[in-house]
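A.B. asks: One structure is given below, represented as C-alpha cells, and several questions about it will come after.
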Amino acid sequence: MRKRTVRNTLPAALLCGALAFSLSGCGEEGSDGREITGSLARNSAAEAGELAFDQAGHEIGGDLTCVDKGSGTDLTVTCEGTTVDGEDAEMVAEAGDDPQITTDDNGVRFDGFSVVGTVGGEQVFEQGCIGIGC
C-alpha cells in the first residue's frame, strides 16, 4: 500500500510528480514549496466529506460540489450537496496550522482542518479530520 501525504511545506516538484490528482498550477510559492490549493483540495474534500456525512447518518445522494478559496493555512473549502432524503447538505473546512491531505489505496484523509457539516441548516458533525482513518 502506497501512502502519499501533502503538507504545506512539500517542494513543488515532489508534489507535482507524486500526486494522482490534478493541481491548478505547480509553481513554487516562496522558498518552502507548494501550498495545498486547487483541485487537490476540492476533490479530496468532496470524497472525505461524503464519508463524514455518511458516518453522521446522512448519506449524500450523488456527489458533493466543492469550491476552494485561499491556500495553505488560509485555505477554506466549501462543499454542497443533497442527502438521499432530499435535504441540503453543506460542509466547510478551514485549514489549521498544519493542513494535510493524505491519499492511499483506501481513500483520502483531510486532516488539520476545522470541518463543520450541516444538513437542513442543523450541524451534524464538527471534526478536525475527515475521511479514511478519522
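Residues in the C-alpha cells are numbered from 1 in each chain, the chains being A, B, ... in the order shown, and ligands are numbered from 1 in the order shown.
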Identify, on the basis of only C-alpha atoms, every residue whose closest approach to range 84-93 of chain A does not exceed 7 Å; exclude the query and any residue fewer than 5 positions from it along the same chain; express the result as a ChimeraX atom specification.
C.D. replies: /A:59-61,76-79,113-120
A.B. asks: Can you write out the residues you just picked, keeping N, CA, C and O atoms, as a compact mmCIF listing (two decimals), in the first residue's frame?
C.D. replies:
# COMPACT_ATOMS: atom_id res chain seq x y z
N GLU A 59 -26.39 10.11 4.39
CA GLU A 59 -25.76 9.73 3.12
C GLU A 59 -26.05 10.77 2.05
O GLU A 59 -27.17 11.24 1.89
N ILE A 60 -25.01 11.11 1.30
CA ILE A 60 -25.13 12.08 0.22
C ILE A 60 -25.59 11.36 -1.04
O ILE A 60 -25.06 10.31 -1.40
N GLY A 61 -26.60 11.90 -1.70
CA GLY A 61 -27.07 11.37 -2.98
C GLY A 61 -26.30 12.06 -4.09
O GLY A 61 -26.35 13.26 -4.24
N THR A 76 -9.86 27.68 2.64
CA THR A 76 -11.21 27.30 3.04
C THR A 76 -11.84 26.56 1.86
O THR A 76 -11.78 27.03 0.73
N VAL A 77 -12.42 25.40 2.14
CA VAL A 77 -13.12 24.63 1.12
C VAL A 77 -14.57 24.50 1.57
O VAL A 77 -14.84 24.09 2.70
N THR A 78 -15.50 24.88 0.69
CA THR A 78 -16.92 24.78 0.97
C THR A 78 -17.54 23.79 -0.01
O THR A 78 -17.32 23.91 -1.23
N CYS A 79 -18.28 22.81 0.52
CA CYS A 79 -18.90 21.79 -0.32
C CYS A 79 -20.41 21.78 -0.07
O CYS A 79 -20.85 21.96 1.06
N PHE A 113 -7.73 20.41 9.70
CA PHE A 113 -8.74 21.39 9.30
C PHE A 113 -9.84 21.43 10.36
O PHE A 113 -10.08 20.45 11.05
N SER A 114 -10.51 22.55 10.49
CA SER A 114 -11.73 22.64 11.27
C SER A 114 -12.86 22.39 10.28
O SER A 114 -13.04 23.15 9.33
N VAL A 115 -13.58 21.28 10.46
CA VAL A 115 -14.59 20.87 9.48
C VAL A 115 -15.96 20.81 10.16
O VAL A 115 -16.14 20.12 11.16
N VAL A 116 -16.92 21.52 9.58
CA VAL A 116 -18.29 21.54 10.10
C VAL A 116 -19.23 21.13 8.98
O VAL A 116 -19.16 21.66 7.87
N GLY A 117 -20.10 20.16 9.28
CA GLY A 117 -21.10 19.71 8.33
C GLY A 117 -22.50 19.99 8.83
O GLY A 117 -22.79 19.78 10.01
N THR A 118 -23.35 20.48 7.94
CA THR A 118 -24.75 20.74 8.30
C THR A 118 -25.67 20.06 7.30
O THR A 118 -25.34 19.89 6.12
N VAL A 119 -26.83 19.67 7.80
CA VAL A 119 -27.88 19.11 6.96
C VAL A 119 -29.17 19.83 7.33
O VAL A 119 -29.54 19.89 8.50
N GLY A 120 -29.82 20.41 6.32
CA GLY A 120 -31.04 21.17 6.58
C GLY A 120 -30.80 22.32 7.55
O GLY A 120 -31.69 22.67 8.31
A.B. asks: Can you pull out every residue within 12 Å of Leu75 in chain A, counting only C-alpha atoms, but drop anything in the same chain fewer than 4 positions away, and send it as a PDB file with N, CA and C atoms, in the first residue's frame?
C.D. replies:
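Contents of the output file result_16.pdb:
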ATOM      1  N   ASN A   8       1.987  21.365   3.813  1.00  0.00           N
ATOM      2  CA  ASN A   8       2.164  22.743   3.389  1.00  0.00           C
ATOM      3  C   ASN A   8       3.603  23.020   2.957  1.00  0.00           C
ATOM      4  N   GLU A  35       1.821  25.208  -1.584  1.00  0.00           N
ATOM      5  CA  GLU A  35       0.787  25.111  -0.573  1.00  0.00           C
ATOM      6  C   GLU A  35      -0.387  24.313  -1.116  1.00  0.00           C
ATOM      7  N   ILE A  36      -1.148  23.721  -0.215  1.00  0.00           N
ATOM      8  CA  ILE A  36      -2.330  22.959  -0.611  1.00  0.00           C
ATOM      9  C   ILE A  36      -3.364  23.933  -1.166  1.00  0.00           C
ATOM     10  N   THR A  37      -3.836  23.666  -2.389  1.00  0.00           N
ATOM     11  CA  THR A  37      -4.808  24.538  -3.031  1.00  0.00           C
ATOM     12  C   THR A  37      -5.414  23.821  -4.228  1.00  0.00           C
ATOM     13  N   GLY A  38      -6.360  24.451  -4.887  1.00  0.00           N
ATOM     14  CA  GLY A  38      -6.868  23.980  -6.166  1.00  0.00           C
ATOM     15  C   GLY A  38      -7.649  22.691  -6.131  1.00  0.00           C
ATOM     16  N   LEU A  40      -6.819  19.603  -5.909  1.00  0.00           N
ATOM     17  CA  LEU A  40      -6.490  18.618  -4.871  1.00  0.00           C
ATOM     18  C   LEU A  40      -7.387  18.825  -3.660  1.00  0.00           C
ATOM     19  N   ALA A  41      -7.493  20.064  -3.200  1.00  0.00           N
ATOM     20  CA  ALA A  41      -8.318  20.371  -2.037  1.00  0.00           C
ATOM     21  C   ALA A  41      -9.792  20.082  -2.311  1.00  0.00           C
ATOM     22  N   ARG A  42     -10.288  20.502  -3.476  1.00  0.00           N
ATOM     23  CA  ARG A  42     -11.709  20.291  -3.798  1.00  0.00           C
ATOM     24  C   ARG A  42     -12.041  18.806  -3.902  1.00  0.00           C
ATOM     25  N   ALA A  45     -11.698  17.042  -0.450  1.00  0.00           N
ATOM     26  CA  ALA A  45     -12.769  17.438   0.464  1.00  0.00           C
ATOM     27  C   ALA A  45     -14.079  16.776   0.078  1.00  0.00           C
ATOM     28  N   VAL A  67     -15.864  24.167  -3.690  1.00  0.00           N
ATOM     29  CA  VAL A  67     -15.082  25.300  -4.174  1.00  0.00           C
ATOM     30  C   VAL A  67     -14.046  25.622  -3.103  1.00  0.00           C
ATOM     31  N   ASP A  68     -12.896  26.129  -3.566  1.00  0.00           N
ATOM     32  CA  ASP A  68     -11.849  26.487  -2.614  1.00  0.00           C
ATOM     33  C   ASP A  68     -11.533  27.968  -2.722  1.00  0.00           C
ATOM     34  N   LYS A  69     -11.038  28.512  -1.615  1.00  0.00           N
ATOM     35  CA  LYS A  69     -10.629  29.907  -1.579  1.00  0.00           C
ATOM     36  C   LYS A  69      -9.364  29.977  -0.727  1.00  0.00           C
ATOM     37  N   GLY A  70      -8.339  30.632  -1.232  1.00  0.00           N
ATOM     38  CA  GLY A  70      -7.090  30.766  -0.499  1.00  0.00           C
ATOM     39  C   GLY A  70      -6.196  29.557  -0.713  1.00  0.00           C
ATOM     40  N   SER A  71      -5.157  29.438   0.115  1.00  0.00           N
ATOM     41  CA  SER A  71      -4.232  28.319   0.039  1.00  0.00           C
ATOM     42  C   SER A  71      -3.507  28.159   1.364  1.00  0.00           C
ATOM     43  N   VAL A  92     -18.019  22.966   5.525  1.00  0.00           N
ATOM     44  CA  VAL A  92     -16.997  23.998   5.417  1.00  0.00           C
ATOM     45  C   VAL A  92     -15.758  23.494   6.151  1.00  0.00           C
ATOM     46  N   ALA A  93     -14.628  23.457   5.434  1.00  0.00           N
ATOM     47  CA  ALA A  93     -13.349  23.022   6.007  1.00  0.00           C
ATOM     48  C   ALA A  93     -12.382  24.195   5.948  1.00  0.00           C
ATOM     49  N   GLU A  94     -11.897  24.619   7.121  1.00  0.00           N
ATOM     50  CA  GLU A  94     -10.936  25.712   7.203  1.00  0.00           C
ATOM     51  C   GLU A  94      -9.609  25.158   7.698  1.00  0.00           C
ATOM     52  N   ALA A  95      -8.534  25.462   6.985  1.00  0.00           N
ATOM     53  CA  ALA A  95      -7.210  24.939   7.322  1.00  0.00           C
ATOM     54  C   ALA A  95      -6.743  25.462   8.675  1.00  0.00           C
ATOM     55  N   GLY A  96      -6.042  24.588   9.397  1.00  0.00           N
ATOM     56  CA  GLY A  96      -5.396  24.975  10.647  1.00  0.00           C
ATOM     57  C   GLY A  96      -3.929  25.289  10.399  1.00  0.00           C
ATOM     58  N   ASP A  97      -3.098  25.124  11.425  1.00  0.00           N
ATOM     59  CA  ASP A  97      -1.677  25.445  11.328  1.00  0.00           C
ATOM     60  C   ASP A  97      -0.886  24.474  10.458  1.00  0.00           C
ATOM     61  N   ASP A  98      -1.340  23.228  10.336  1.00  0.00           N
ATOM     62  CA  ASP A  98      -0.607  22.215   9.562  1.00  0.00           C
ATOM     63  C   ASP A  98      -1.585  21.375   8.744  1.00  0.00           C
ATOM     64  N   PRO A  99      -2.214  21.977   7.717  1.00  0.00           N
ATOM     65  CA  PRO A  99      -3.200  21.215   6.939  1.00  0.00           C
ATOM     66  C   PRO A  99      -2.518  20.113   6.131  1.00  0.00           C
ATOM     67  N   GLN A 100      -3.168  18.935   6.080  1.00  0.00           N
ATOM     68  CA  GLN A 100      -2.625  17.800   5.345  1.00  0.00           C
ATOM     69  C   GLN A 100      -3.731  17.090   4.590  1.00  0.00           C
ATOM     70  N   GLY A 112      -6.078  18.257   9.933  1.00  0.00           N
ATOM     71  CA  GLY A 112      -5.553  19.572  10.289  1.00  0.00           C
ATOM     72  C   GLY A 112      -6.461  20.709   9.863  1.00  0.00           C
ATOM     73  N   PHE A 113      -7.732  20.411   9.705  1.00  0.00           N
ATOM     74  CA  PHE A 113      -8.741  21.392   9.303  1.00  0.00           C
ATOM     75  C   PHE A 113      -9.836  21.428  10.363  1.00  0.00           C
ATOM     76  N   SER A 114     -10.508  22.550  10.490  1.00  0.00           N
ATOM     77  CA  SER A 114     -11.729  22.640  11.269  1.00  0.00           C
ATOM     78  C   SER A 114     -12.859  22.387  10.275  1.00  0.00           C
ATOM     79  N   VAL A 115     -13.585  21.285  10.458  1.00  0.00           N
ATOM     80  CA  VAL A 115     -14.590  20.870   9.484  1.00  0.00           C
ATOM     81  C   VAL A 115     -15.960  20.811  10.157  1.00  0.00           C
TER      82      VAL A 115
END
A.B. asks: Figure out the distance between CA of Gly133 in chain A and CA of Gly57 in chain A, please, to one decimal in Å.
C.D. replies: 17.3 Å
A.B. asks: Between CA of Asp54 in chain A and CA of Val124 in chain A, what is the spacing in Å?
C.D. replies: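 Those two atoms sit 10.5 Å apart.
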A.B. asks: Give me the residues near Leu64 in chain A as a PyMOL selection string, where near means some atom within 6 Å (using only C-alpha atoms) and where sequence neighbours in that chain fewer than 4 positions away do not count.
C.D. replies: chain A and resi 46+79-81
A.B. asks: Please report the interatomic distance between CA of Gly107 in chain A and CA of His58 in chain A in Å with one decimal.
C.D. replies: 19.3 Å
